[in-house]
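File shown: protein-v3.cif (mmCIF, C-alpha atoms).
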```cif
data_model
loop_
_atom_site.group_PDB
_atom_site.id
_atom_site.type_symbol
_atom_site.label_atom_id
_atom_site.label_comp_id
_atom_site.auth_asym_id
_atom_site.auth_seq_id
_atom_site.Cartn_x
_atom_site.Cartn_y
_atom_site.Cartn_z
ATOM 1 C CA MET A 1 -22.308 25.899 -1.218
ATOM 2 C CA ILE A 2 -25.740 24.289 -1.553
ATOM 3 C CA ARG A 3 -27.901 22.170 0.726
ATOM 4 C CA ILE A 4 -29.484 18.841 -0.222
ATOM 5 C CA LEU A 5 -31.639 17.011 2.348
ATOM 6 C CA GLY A 6 -30.320 19.517 4.897
ATOM 7 C CA ILE A 7 -26.709 18.503 4.128
ATOM 8 C CA GLN A 8 -24.176 21.164 3.179
ATOM 9 C CA LEU A 9 -22.550 20.303 -0.151
ATOM 10 C CA SER A 10 -19.374 22.066 -1.301
ATOM 11 C CA LEU A 11 -16.499 21.699 -3.759
ATOM 12 C CA HIS A 12 -12.966 21.117 -2.513
ATOM 13 C CA PRO A 13 -10.453 23.750 -3.776
ATOM 14 C CA LEU A 14 -8.715 20.949 -5.708
ATOM 15 C CA PHE A 15 -11.943 20.332 -7.655
ATOM 16 C CA VAL A 16 -12.305 24.083 -8.332
ATOM 17 C CA LEU A 17 -8.708 24.178 -9.667
ATOM 18 C CA ILE A 18 -9.356 21.263 -12.021
ATOM 19 C CA MET A 19 -12.608 22.922 -13.131
ATOM 20 C CA LEU A 20 -10.709 26.082 -14.119
ATOM 21 C CA LEU A 21 -8.091 24.045 -15.978
ATOM 22 C CA SER A 22 -10.837 22.155 -17.843
ATOM 23 C CA VAL A 23 -12.335 25.423 -19.086
ATOM 24 C CA ILE A 24 -8.903 26.551 -20.337
ATOM 25 C CA THR A 25 -8.183 23.209 -22.045
ATOM 26 C CA GLY A 26 -11.675 22.805 -23.515
ATOM 27 C CA GLN A 27 -12.551 19.682 -21.485
ATOM 28 C CA PHE A 28 -15.533 21.072 -19.609
ATOM 29 C CA LEU A 29 -17.876 18.251 -20.755
ATOM 30 C CA GLU A 30 -15.495 15.657 -19.312
ATOM 31 C CA LEU A 31 -15.352 17.582 -16.037
ATOM 32 C CA LEU A 32 -19.146 17.879 -15.891
ATOM 33 C CA THR A 33 -19.349 14.108 -16.374
ATOM 34 C CA LEU A 34 -16.758 13.594 -13.632
ATOM 35 C CA PHE A 35 -18.682 15.909 -11.298
ATOM 36 C CA THR A 36 -21.904 13.939 -11.922
ATOM 37 C CA ILE A 37 -20.158 10.616 -11.235
ATOM 38 C CA VAL A 38 -18.579 11.897 -8.010
ATOM 39 C CA PHE A 39 -21.887 13.438 -6.896
ATOM 40 C CA ILE A 40 -23.771 10.145 -7.402
ATOM 41 C CA HIS A 41 -20.935 8.283 -5.650
ATOM 42 C CA GLU A 42 -21.231 10.549 -2.607
ATOM 43 C CA MET A 43 -25.030 10.433 -2.579
ATOM 44 C CA GLY A 44 -24.665 6.658 -2.257
ATOM 45 C CA HIS A 45 -22.720 7.220 0.974
ATOM 46 C CA VAL A 46 -25.202 9.833 2.209
ATOM 47 C CA ILE A 47 -28.306 7.695 1.611
ATOM 48 C CA ALA A 48 -26.648 4.630 3.190
ATOM 49 C CA ALA A 49 -25.677 6.738 6.226
ATOM 50 C CA LEU A 50 -29.193 8.135 6.626
ATOM 51 C CA LEU A 51 -30.719 4.642 6.323
ATOM 52 C CA ASN A 52 -28.385 3.508 9.111
ATOM 53 C CA GLY A 53 -29.505 6.313 11.412
ATOM 54 C CA VAL A 54 -26.323 8.358 11.025
ATOM 55 C CA THR A 55 -26.473 12.154 10.698
ATOM 56 C CA VAL A 56 -24.516 13.588 7.746
ATOM 57 C CA LYS A 57 -23.576 17.226 8.421
ATOM 58 C CA SER A 58 -21.680 18.073 5.246
ATOM 59 C CA VAL A 59 -20.089 16.615 2.119
ATOM 60 C CA GLN A 60 -17.131 18.107 0.246
ATOM 61 C CA LEU A 61 -16.634 16.854 -3.317
ATOM 62 C CA LEU A 62 -13.184 15.997 -4.672
ATOM 63 C CA PRO A 63 -12.243 14.905 -8.214
ATOM 64 C CA PHE A 64 -11.997 11.278 -7.036
ATOM 65 C CA GLY A 65 -14.699 11.124 -4.354
ATOM 66 C CA GLY A 66 -15.603 13.197 -1.347
ATOM 67 C CA VAL A 67 -15.233 13.770 2.371
ATOM 68 C CA ALA A 68 -18.348 13.430 4.524
ATOM 69 C CA VAL A 69 -18.610 14.835 8.048
ATOM 70 C CA ILE A 70 -20.897 12.581 10.082
ATOM 71 C CA GLU A 71 -22.334 12.603 13.580
ATOM 72 C CA ASP A 72 -23.243 9.111 14.756
ATOM 73 C CA HIS A 73 -23.535 9.393 18.591
ATOM 74 C CA GLY A 74 -22.186 5.838 19.009
ATOM 75 C CA ARG A 75 -24.610 4.221 16.555
ATOM 76 C CA LEU A 76 -21.976 3.622 13.885
ATOM 77 C CA THR A 77 -20.917 0.000 14.347
ATOM 78 C CA ALA A 78 -18.139 -1.523 12.249
ATOM 79 C CA GLY A 79 -20.706 -3.324 10.069
ATOM 80 C CA ARG A 80 -22.629 -0.117 9.403
ATOM 81 C CA GLU A 81 -19.443 1.774 8.589
ATOM 82 C CA ILE A 82 -18.465 -0.883 6.034
ATOM 83 C CA THR A 83 -21.954 -0.721 4.487
ATOM 84 C CA ILE A 84 -21.765 3.079 4.176
ATOM 85 C CA ALA A 85 -18.247 2.951 2.703
ATOM 86 C CA LEU A 86 -19.249 0.335 0.097
ATOM 87 C CA ALA A 87 -22.323 2.306 -0.976
ATOM 88 C CA GLY A 88 -20.215 4.809 -2.976
ATOM 89 C CA PRO A 89 -18.301 2.332 -5.186
ATOM 90 C CA LEU A 90 -21.570 0.390 -5.558
ATOM 91 C CA GLN A 91 -23.082 3.425 -7.355
ATOM 92 C CA ASN A 92 -20.114 3.416 -9.739
ATOM 93 C CA GLY A 93 -20.718 -0.275 -10.412
ATOM 94 C CA ILE A 94 -24.402 0.354 -11.150
ATOM 95 C CA MET A 95 -23.527 3.212 -13.535
ATOM 96 C CA ILE A 96 -20.996 0.988 -15.347
ATOM 97 C CA VAL A 97 -23.603 -1.751 -15.815
ATOM 98 C CA MET A 98 -26.166 0.772 -17.120
ATOM 99 C CA ALA A 99 -23.626 2.242 -19.568
ATOM 100 C CA LEU A 100 -22.615 -1.229 -20.772
ATOM 101 C CA LEU A 101 -26.274 -2.151 -21.383
ATOM 102 C CA LEU A 102 -26.790 1.092 -23.316
ATOM 103 C CA GLN A 103 -23.600 0.468 -25.268
ATOM 104 C CA HIS A 104 -24.723 -3.090 -26.058
ATOM 105 C CA ALA A 105 -28.089 -1.789 -27.273
ATOM 106 C CA GLY A 106 -26.319 0.618 -29.616
ATOM 107 C CA GLY A 107 -27.634 3.737 -27.905
ATOM 108 C CA GLY A 108 -25.733 6.901 -27.021
ATOM 109 C CA ASN A 109 -22.350 8.136 -28.185
ATOM 110 C CA SER A 110 -19.862 5.255 -28.097
ATOM 111 C CA ALA A 111 -16.850 7.469 -27.290
ATOM 112 C CA PHE A 112 -18.685 9.199 -24.441
ATOM 113 C CA LEU A 113 -19.953 5.887 -23.025
ATOM 114 C CA ALA A 114 -16.401 4.491 -23.118
ATOM 115 C CA TYR A 115 -15.167 7.556 -21.167
ATOM 116 C CA PHE A 116 -18.092 7.258 -18.745
ATOM 117 C CA ILE A 117 -17.320 3.585 -18.044
ATOM 118 C CA GLN A 118 -13.596 4.257 -17.649
ATOM 119 C CA ALA A 119 -14.148 7.220 -15.312
ATOM 120 C CA ASN A 120 -16.496 5.201 -13.094
ATOM 121 C CA ALA A 121 -14.069 2.286 -12.965
ATOM 122 C CA ILE A 122 -11.112 4.537 -12.048
ATOM 123 C CA ILE A 123 -13.058 6.355 -9.318
ATOM 124 C CA ALA A 124 -14.422 3.101 -7.853
ATOM 125 C CA LEU A 125 -11.066 1.268 -7.887
ATOM 126 C CA PHE A 126 -9.145 4.275 -6.570
ATOM 127 C CA ASN A 127 -11.611 4.722 -3.710
ATOM 128 C CA LEU A 128 -11.266 1.047 -2.792
ATOM 129 C CA LEU A 129 -7.520 1.417 -2.143
ATOM 130 C CA PRO A 130 -6.872 0.591 1.555
ATOM 131 C CA VAL A 131 -5.734 4.134 2.401
ATOM 132 C CA LEU A 132 -7.612 6.627 4.583
ATOM 133 C CA PRO A 133 -9.747 8.651 4.028
ATOM 134 C CA LEU A 134 -10.689 6.621 0.932
ATOM 135 C CA ASP A 135 -13.524 4.092 1.120
ATOM 136 C CA GLY A 136 -11.109 1.150 1.089
ATOM 137 C CA GLY A 137 -9.229 2.641 4.036
ATOM 138 C CA LYS A 138 -12.482 3.055 5.970
ATOM 139 C CA ILE A 139 -13.505 -0.522 5.187
ATOM 140 C CA LEU A 140 -10.128 -1.876 6.327
ATOM 141 C CA GLN A 141 -10.169 0.278 9.474
ATOM 142 C CA ALA A 142 -13.711 -0.843 10.362
ATOM 143 C CA ALA A 143 -12.825 -4.513 9.775
ATOM 144 C CA LEU A 144 -9.681 -4.219 11.929
ATOM 145 C CA SER A 145 -11.677 -2.534 14.713
ATOM 146 C CA MET A 146 -13.615 -5.783 15.166
ATOM 147 C CA LEU A 147 -10.351 -7.618 15.909
ATOM 148 C CA VAL A 148 -8.008 -5.004 17.394
ATOM 149 C CA PRO A 149 -8.639 -2.503 20.235
ATOM 150 C CA TYR A 150 -10.137 0.682 18.803
ATOM 151 C CA TYR A 151 -7.331 3.019 19.901
ATOM 152 C CA TYR A 152 -4.660 0.931 18.158
ATOM 153 C CA THR A 153 -6.868 0.558 15.085
ATOM 154 C CA LEU A 154 -6.984 4.355 14.762
ATOM 155 C CA LEU A 155 -3.276 4.700 15.522
ATOM 156 C CA TRP A 156 -1.890 2.135 13.083
ATOM 157 C CA SER A 157 -4.367 2.596 10.230
ATOM 158 C CA GLY A 158 -3.450 6.300 10.348
ATOM 159 C CA ARG A 159 0.279 5.595 10.350
ATOM 160 C CA VAL A 160 0.005 3.152 7.451
ATOM 161 C CA SER A 161 -2.092 5.672 5.502
ATOM 162 C CA ILE A 162 0.478 8.422 6.098
ATOM 163 C CA THR A 163 3.203 6.110 4.772
ATOM 164 C CA ALA A 164 1.093 5.258 1.708
ATOM 165 C CA SER A 165 0.433 8.981 1.087
ATOM 166 C CA VAL A 166 4.159 9.743 1.174
ATOM 167 C CA LEU A 167 4.768 6.892 -1.306
ATOM 168 C CA VAL A 168 2.177 8.388 -3.687
ATOM 169 C CA ILE A 169 3.980 11.757 -3.508
ATOM 170 C CA CYS A 170 7.358 10.094 -4.103
ATOM 171 C CA TYR A 171 5.961 8.229 -7.122
ATOM 172 C CA ALA A 172 4.550 11.499 -8.491
ATOM 173 C CA LEU A 173 7.965 13.160 -8.140
ATOM 174 C CA LEU A 174 9.964 10.171 -9.460
ATOM 175 C CA PRO A 175 10.043 11.261 -13.141
ATOM 176 C CA LEU A 176 11.920 14.434 -12.106
ATOM 177 C CA MET A 177 14.871 12.199 -11.167
ATOM 178 C CA THR A 178 15.123 10.962 -14.749
ATOM 179 C CA GLY A 179 14.361 14.239 -16.506
ATOM 180 C CA GLY A 180 10.693 13.389 -17.104
ATOM 181 C CA GLY A 181 7.554 15.404 -16.438
ATOM 182 C CA LEU A 182 5.874 15.822 -13.064
ATOM 183 C CA ARG A 183 2.810 13.631 -12.375
ATOM 184 C CA LEU A 184 0.776 16.615 -11.176
ATOM 185 C CA ASN A 185 -2.532 14.785 -10.624
ATOM 186 C CA LEU A 186 -0.897 12.159 -8.426
ATOM 187 C CA LEU A 187 1.063 14.821 -6.571
ATOM 188 C CA MET A 188 -2.133 16.722 -5.687
ATOM 189 C CA ILE A 189 -3.894 13.515 -4.625
ATOM 190 C CA GLY A 190 -0.916 12.416 -2.520
ATOM 191 C CA ALA A 191 -0.691 15.848 -0.880
ATOM 192 C CA PHE A 192 -4.398 15.757 -0.044
ATOM 193 C CA LEU A 193 -4.156 12.231 1.410
ATOM 194 C CA LEU A 194 -1.096 13.180 3.466
ATOM 195 C CA TYR A 195 -2.733 16.332 4.834
ATOM 196 C CA SER A 196 -5.938 14.437 5.719
ATOM 197 C CA ASN A 197 -4.086 11.645 7.505
ATOM 198 C CA VAL A 198 -1.702 13.920 9.414
ATOM 199 C CA THR A 199 -4.714 15.960 10.581
ATOM 200 C CA ASP A 200 -6.499 12.746 11.564
ATOM 201 C CA GLN A 201 -3.526 11.577 13.616
ATOM 202 C CA ARG A 202 -3.372 14.905 15.445
ATOM 203 C CA ASN A 203 -7.082 14.521 16.262
ATOM 204 C CA LEU A 204 -6.684 10.914 17.470
ATOM 205 C CA PRO A 205 -6.966 11.798 21.206
ATOM 206 C CA TYR A 206 -10.250 13.640 20.564
ATOM 207 C CA ARG A 207 -11.623 10.795 18.450
ATOM 208 C CA PHE A 208 -10.750 8.318 21.188
ATOM 209 C CA VAL A 209 -12.427 10.468 23.851
ATOM 210 C CA ALA A 210 -15.544 10.637 21.629
ATOM 211 C CA PHE A 211 -15.413 6.825 21.370
ATOM 212 C CA LEU A 212 -15.343 6.517 25.159
ATOM 213 C CA MET A 213 -18.155 9.032 25.616
ATOM 214 C CA ASN A 214 -20.369 6.988 23.276
ATOM 215 C CA ARG A 215 -19.706 3.632 24.968
ATOM 216 C CA GLU A 216 -23.239 3.606 26.386
ATOM 217 C CA ALA A 217 -24.385 2.403 22.958
ATOM 218 C CA ALA A 218 -22.102 -0.652 23.281
ATOM 219 C CA TYR A 219 -23.637 -1.401 26.694
ATOM 220 C CA GLU A 220 -27.171 -1.161 25.261
ATOM 221 C CA ARG A 221 -26.274 -3.514 22.400
ATOM 222 C CA HIS A 222 -24.768 -5.920 24.940
ATOM 223 C CA LEU A 223 -28.002 -5.925 26.970
ATOM 224 C CA ARG A 224 -30.230 -6.379 23.901
ATOM 225 C CA SER A 225 -28.210 -9.236 22.432
ATOM 226 C CA GLY A 226 -27.400 -10.961 25.723
ATOM 227 C CA SER A 227 -23.849 -11.528 24.463
ATOM 228 C CA ALA A 228 -21.040 -12.333 26.868
ATOM 229 C CA ALA A 229 -18.895 -9.439 28.063
ATOM 230 C CA ARG A 230 -15.283 -9.536 26.895
ATOM 231 C CA PRO A 231 -12.866 -9.749 29.846
ATOM 232 C CA ILE A 232 -9.820 -7.527 30.219
ATOM 233 C CA VAL A 233 -7.272 -8.640 32.813
ATOM 234 C CA ALA A 234 -5.184 -5.857 34.337
ATOM 235 C CA PHE A 235 -2.939 -5.443 37.358
ATOM 236 C CA SER A 236 -4.079 -2.848 39.887
ATOM 237 C CA ALA A 237 -0.989 -0.720 39.161
ATOM 238 C CA LYS A 238 -1.728 -0.520 35.421
ATOM 239 C CA PRO A 239 -2.479 3.080 34.308
ATOM 240 C CA LEU A 240 -6.137 3.775 33.520
ATOM 241 C CA ASP A 241 -5.255 5.094 30.057
ATOM 242 C CA ASP A 242 -3.612 1.797 29.123
ATOM 243 C CA ILE A 243 -6.687 -0.203 30.154
ATOM 244 C CA LEU A 244 -9.113 2.021 28.234
ATOM 245 C CA ARG A 245 -6.980 1.641 25.119
ATOM 246 C CA LEU A 246 -7.754 -2.083 25.171
ATOM 247 C CA PHE A 247 -11.492 -1.506 24.603
ATOM 248 C CA LYS A 248 -12.840 -2.979 21.378
ATOM 249 C CA ARG A 249 -15.447 -1.277 19.265
ATOM 250 C CA ASN A 250 -18.254 -3.846 19.136
ATOM 251 C CA GLN A 251 -17.573 -5.431 22.528
ATOM 252 C CA TYR A 252 -18.650 -4.682 26.076
ATOM 253 C CA HIS A 253 -15.989 -5.240 28.749
ATOM 254 C CA PHE A 254 -15.560 -6.312 32.354
ATOM 255 C CA ILE A 255 -12.149 -5.536 33.828
ATOM 256 C CA TYR A 256 -10.662 -8.177 36.137
ATOM 257 C CA VAL A 257 -8.264 -6.392 38.481
ATOM 258 C CA MET A 258 -5.392 -8.517 39.820
ATOM 259 C CA ASN A 259 -2.961 -7.916 42.678
ATOM 260 C CA ASP A 260 0.760 -8.701 42.675
ATOM 261 C CA ASP A 261 -0.022 -12.317 43.657
ATOM 262 C CA LYS A 262 -2.112 -12.652 40.460
ATOM 263 C CA ASN A 263 -5.341 -13.014 42.401
ATOM 264 C CA VAL A 264 -8.497 -11.291 41.136
ATOM 265 C CA VAL A 265 -9.400 -8.638 43.705
ATOM 266 C CA ALA A 266 -12.201 -6.878 41.812
ATOM 267 C CA VAL A 267 -14.384 -7.151 38.718
ATOM 268 C CA VAL A 268 -15.221 -3.708 37.363
ATOM 269 C CA PRO A 269 -17.680 -2.875 34.546
ATOM 270 C CA GLU A 270 -16.276 -0.593 31.899
ATOM 271 C CA GLN A 271 -18.670 2.267 32.806
ATOM 272 C CA ARG A 272 -16.960 2.666 36.171
ATOM 273 C CA LEU A 273 -13.544 3.059 34.542
ATOM 274 C CA ILE A 274 -14.905 5.554 32.045
ATOM 275 C CA SER A 275 -16.574 7.520 34.842
ATOM 276 C CA SER A 276 -13.276 7.583 36.756
ATOM 277 C CA TYR A 277 -11.434 8.708 33.630
ATOM 278 C CA PHE A 278 -13.766 11.664 33.118
ATOM 279 C CA GLY A 279 -13.974 12.375 36.832
ATOM 280 C CA ILE A 280 -17.741 11.800 36.955
#
```
Can you present the structure in this file as structure tokens?
Amino acid sequence: MIRILGIQLSLHPLFVLIMLLSVITGQFLELLTLFTIVFIHEMGHVIAALLNGVTVKSVQLLPFGGVAVIEDHGRLTAGREITIALAGPLQNGIMIVMALLLQHAGGGNSAFLAYFIQANAIIALFNLLPVLPLDGGKILQAALSMLVPYYYTLLWSGRVSITASVLVICYALLPLMTGGGLRLNLLMIGAFLLYSNVTDQRNLPYRFVAFLMNREAAYERHLRSGSAARPIVAFSAKPLDDILRLFKRNQYHFIYVMNDDKNVVAVVPEQRLISSYFGI
């Protein structure tokens, strides 16, 4: 493990396994190139996060990208999350353009440049797949959170990603049904995606509680922008949990409480519901 800009950087066991295999098969140069590409990809995320005022605690490198642990304290809006997620594939795009210019100028080794361009393209396109925890999954989740209540965004994006992970594993195992060879790389990737998404789903209640605890940032943005509060209409008998699960990420809410005669009996700001939920 090393530290860069105070951020802990480590290799995922999957990367270590591939590194050992590359030494055995004599493909260490290709692996070193892959490591450099993935490192630059992740540094794109890190720099974008830091520029957006988000604390990055650690980054773990994988053969196709990385996993960053961040601490945003409610500052991470959907727009900022999309910007941070796009910053990684953007670095791959820049490296492809630079390699193409060098190739066009007749510089460098043509075979190596072709591999470098291909590796960047594969990593960028793979990371843009709409599956968590890949960049494309984060972009889709952030975009949905602007339209759908945050709790249900987490719930359904996780469920869809679990389904996609299982499909990747099934595709990797498919050749065994016809007497073919196992797609080992895809199997390892699918297993990693499945493990990450199952873990994420188990942590959903904690992530939602963290979202509620950081709602003060949404209130401050509402005051600064002077935007209208988004109303939530709920009957007085509706469970508090169900109302809180209707909160949207970039919106501030007033809750209009109705009685059985469908008359509004109270208008409650969201802070009061959150305070009641936490027993403050």
Convert the output of the PyMOL selection byres ((chain A and resi 255) around 9) on the shown file into explicit residues, formatted as a PyMOL selection string.
chain A and resi 230-234+243+253-254+256-257+266-270+273
For the point (-16.5, -0.2, -6.0) in the file's frame, write as a list in words all residues with an atom no more than 6 Å away, counting all atoms listed in the file.
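Protein, DNA and RNA residues close to (-16.5, -0.2, -6.0): Pro89, Leu90, Ala124 and Leu125 of chain A.
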Residues just named, written with C-alpha atoms as a PDB file, in the frame of the given file:
```
ATOM      1  CA  PRO A  89     -18.301   2.332  -5.186  1.00  0.00           C
ATOM      2  CA  LEU A  90     -21.570   0.390  -5.558  1.00  0.00           C
ATOM      3  CA  ALA A 124     -14.422   3.101  -7.853  1.00  0.00           C
ATOM      4  CA  LEU A 125     -11.066   1.268  -7.887  1.00  0.00           C
TER       5      LEU A 125
END
```
Could you list, as a PDB file with C-alpha atoms, in the coordinates of the input, every residue within 12 Å of stretch 36-45 of chain A, counting only C-alpha atoms and ignoring same-chain residues fewer than 6 positions away?
```pdb
ATOM      1  CA  ILE A   4     -29.484  18.841  -0.222  1.00  0.00           C
ATOM      2  CA  LEU A   5     -31.639  17.011   2.348  1.00  0.00           C
ATOM      3  CA  ILE A   7     -26.709  18.503   4.128  1.00  0.00           C
ATOM      4  CA  LEU A   9     -22.550  20.303  -0.151  1.00  0.00           C
ATOM      5  CA  SER A  10     -19.374  22.066  -1.301  1.00  0.00           C
ATOM      6  CA  LEU A  11     -16.499  21.699  -3.759  1.00  0.00           C
ATOM      7  CA  PHE A  15     -11.943  20.332  -7.655  1.00  0.00           C
ATOM      8  CA  LEU A  29     -17.876  18.251 -20.755  1.00  0.00           C
ATOM      9  CA  GLU A  30     -15.495  15.657 -19.312  1.00  0.00           C
ATOM     10  CA  LEU A  51     -30.719   4.642   6.323  1.00  0.00           C
ATOM     11  CA  ASN A  52     -28.385   3.508   9.111  1.00  0.00           C
ATOM     12  CA  VAL A  54     -26.323   8.358  11.025  1.00  0.00           C
ATOM     13  CA  THR A  55     -26.473  12.154  10.698  1.00  0.00           C
ATOM     14  CA  VAL A  56     -24.516  13.588   7.746  1.00  0.00           C
ATOM     15  CA  SER A  58     -21.680  18.073   5.246  1.00  0.00           C
ATOM     16  CA  VAL A  59     -20.089  16.615   2.119  1.00  0.00           C
ATOM     17  CA  GLN A  60     -17.131  18.107   0.246  1.00  0.00           C
ATOM     18  CA  LEU A  61     -16.634  16.854  -3.317  1.00  0.00           C
ATOM     19  CA  LEU A  62     -13.184  15.997  -4.672  1.00  0.00           C
ATOM     20  CA  PRO A  63     -12.243  14.905  -8.214  1.00  0.00           C
ATOM     21  CA  PHE A  64     -11.997  11.278  -7.036  1.00  0.00           C
ATOM     22  CA  GLY A  65     -14.699  11.124  -4.354  1.00  0.00           C
ATOM     23  CA  GLY A  66     -15.603  13.197  -1.347  1.00  0.00           C
ATOM     24  CA  VAL A  67     -15.233  13.770   2.371  1.00  0.00           C
ATOM     25  CA  ALA A  68     -18.348  13.430   4.524  1.00  0.00           C
ATOM     26  CA  VAL A  69     -18.610  14.835   8.048  1.00  0.00           C
ATOM     27  CA  ILE A  70     -20.897  12.581  10.082  1.00  0.00           C
ATOM     28  CA  ARG A  80     -22.629  -0.117   9.403  1.00  0.00           C
ATOM     29  CA  GLU A  81     -19.443   1.774   8.589  1.00  0.00           C
ATOM     30  CA  ILE A  82     -18.465  -0.883   6.034  1.00  0.00           C
ATOM     31  CA  THR A  83     -21.954  -0.721   4.487  1.00  0.00           C
ATOM     32  CA  ILE A  84     -21.765   3.079   4.176  1.00  0.00           C
ATOM     33  CA  ALA A  85     -18.247   2.951   2.703  1.00  0.00           C
ATOM     34  CA  LEU A  86     -19.249   0.335   0.097  1.00  0.00           C
ATOM     35  CA  ALA A  87     -22.323   2.306  -0.976  1.00  0.00           C
ATOM     36  CA  GLY A  88     -20.215   4.809  -2.976  1.00  0.00           C
ATOM     37  CA  PRO A  89     -18.301   2.332  -5.186  1.00  0.00           C
ATOM     38  CA  LEU A  90     -21.570   0.390  -5.558  1.00  0.00           C
ATOM     39  CA  GLN A  91     -23.082   3.425  -7.355  1.00  0.00           C
ATOM     40  CA  ASN A  92     -20.114   3.416  -9.739  1.00  0.00           C
ATOM     41  CA  GLY A  93     -20.718  -0.275 -10.412  1.00  0.00           C
ATOM     42  CA  ILE A  94     -24.402   0.354 -11.150  1.00  0.00           C
ATOM     43  CA  MET A  95     -23.527   3.212 -13.535  1.00  0.00           C
ATOM     44  CA  ILE A  96     -20.996   0.988 -15.347  1.00  0.00           C
ATOM     45  CA  TYR A 115     -15.167   7.556 -21.167  1.00  0.00           C
ATOM     46  CA  PHE A 116     -18.092   7.258 -18.745  1.00  0.00           C
ATOM     47  CA  ILE A 117     -17.320   3.585 -18.044  1.00  0.00           C
ATOM     48  CA  GLN A 118     -13.596   4.257 -17.649  1.00  0.00           C
ATOM     49  CA  ALA A 119     -14.148   7.220 -15.312  1.00  0.00           C
ATOM     50  CA  ASN A 120     -16.496   5.201 -13.094  1.00  0.00           C
ATOM     51  CA  ALA A 121     -14.069   2.286 -12.965  1.00  0.00           C
ATOM     52  CA  ILE A 122     -11.112   4.537 -12.048  1.00  0.00           C
ATOM     53  CA  ILE A 123     -13.058   6.355  -9.318  1.00  0.00           C
ATOM     54  CA  ALA A 124     -14.422   3.101  -7.853  1.00  0.00           C
ATOM     55  CA  ASN A 127     -11.611   4.722  -3.710  1.00  0.00           C
ATOM     56  CA  LEU A 134     -10.689   6.621   0.932  1.00  0.00           C
ATOM     57  CA  ASP A 135     -13.524   4.092   1.120  1.00  0.00           C
TER      58      ASP A 135
END
```
What does the structure give for the distance between atom CA of A:Arg221 and atom CA of A:Ser275, in Å to one decimal?
19.3 Å
Which distance in Å separates atom CA of A:Lys57 and atom CA of A:Arg3, to one decimal?
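If I compute the distance from atom CA of A:Lys57 to atom CA of A:Arg3, I get 10.1 Å.
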Spatial sel., origin (-12.4, 3.0, 27.3), limit 9 Å, only C-alpha atoms, listed as a PDB file with C-alpha atoms, in the coordinates of the input:
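Saved result, part-v6.pdb, follows:
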```
ATOM      1  CA  TYR A 151      -7.331   3.019  19.901  1.00  0.00           C
ATOM      2  CA  PHE A 208     -10.750   8.318  21.188  1.00  0.00           C
ATOM      3  CA  VAL A 209     -12.427  10.468  23.851  1.00  0.00           C
ATOM      4  CA  PHE A 211     -15.413   6.825  21.370  1.00  0.00           C
ATOM      5  CA  LEU A 212     -15.343   6.517  25.159  1.00  0.00           C
ATOM      6  CA  MET A 213     -18.155   9.032  25.616  1.00  0.00           C
ATOM      7  CA  ARG A 215     -19.706   3.632  24.968  1.00  0.00           C
ATOM      8  CA  LEU A 240      -6.137   3.775  33.520  1.00  0.00           C
ATOM      9  CA  ASP A 241      -5.255   5.094  30.057  1.00  0.00           C
ATOM     10  CA  ILE A 243      -6.687  -0.203  30.154  1.00  0.00           C
ATOM     11  CA  LEU A 244      -9.113   2.021  28.234  1.00  0.00           C
ATOM     12  CA  ARG A 245      -6.980   1.641  25.119  1.00  0.00           C
ATOM     13  CA  LEU A 246      -7.754  -2.083  25.171  1.00  0.00           C
ATOM     14  CA  PHE A 247     -11.492  -1.506  24.603  1.00  0.00           C
ATOM     15  CA  LYS A 248     -12.840  -2.979  21.378  1.00  0.00           C
ATOM     16  CA  GLU A 270     -16.276  -0.593  31.899  1.00  0.00           C
ATOM     17  CA  GLN A 271     -18.670   2.267  32.806  1.00  0.00           C
ATOM     18  CA  LEU A 273     -13.544   3.059  34.542  1.00  0.00           C
ATOM     19  CA  ILE A 274     -14.905   5.554  32.045  1.00  0.00           C
ATOM     20  CA  TYR A 277     -11.434   8.708  33.630  1.00  0.00           C
TER      21      TYR A 277
END
```
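Picture a line from atom CA of A:Asp261 to atom CA of A:Asp242; it runs 20.6 Å.
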Which residue gives the smallest distance to A:Lys138 among A:Ala191, A:Met258, A:Leu174, A:Ala78, with all atoms listed in the file counted?
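Between A:Ala191, A:Met258, A:Leu174, A:Ala78, the residue approaching A:Lys138 most closely is A:Ala78.
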Using all atoms listed in the file, which residue out of A:Thr77, A:Gln8, A:Ser145, A:Thr199 lies closest to A:Ala217?
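The closest residue to A:Ala217 is A:Thr77.
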If the PyMOL selection byres ((chain A and resi 137) around 12) were run on this exact file, what residues would it hold? Put them as a PyMOL selection string.
chain A and resi 81-82+85-86+126-136+138-144+153-154+156-162+164-165+193+197
Could you tell me, as a PyMOL selection string, exactly which residues end up selected when the PyMOL selection byres ((chain A and resi 187) around 8) is applied to this structure?
chain A and resi 168-169+172-173+183-186+188-191
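Of the listed residues A:Ser276, A:Gly53, A:Arg249, A:Gly108, the one whose atoms come nearest to A:Asn214 is A:Arg249, with distances taken using only C-alpha atoms.
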Contacts of A:Gln103 at 9 Å (only C-alpha atoms; same-chain gap of 6+ positions) as a PyMOL selection string:
chain A and resi 109-110+113-114
Please provide the set of residues having any atom within 7 Å of A:Ala218, restricted to all atoms listed in the file, with same-chain residues fewer than 5 positions apart removed, written as a VMD selection string.
chain A and resid 250 to 252
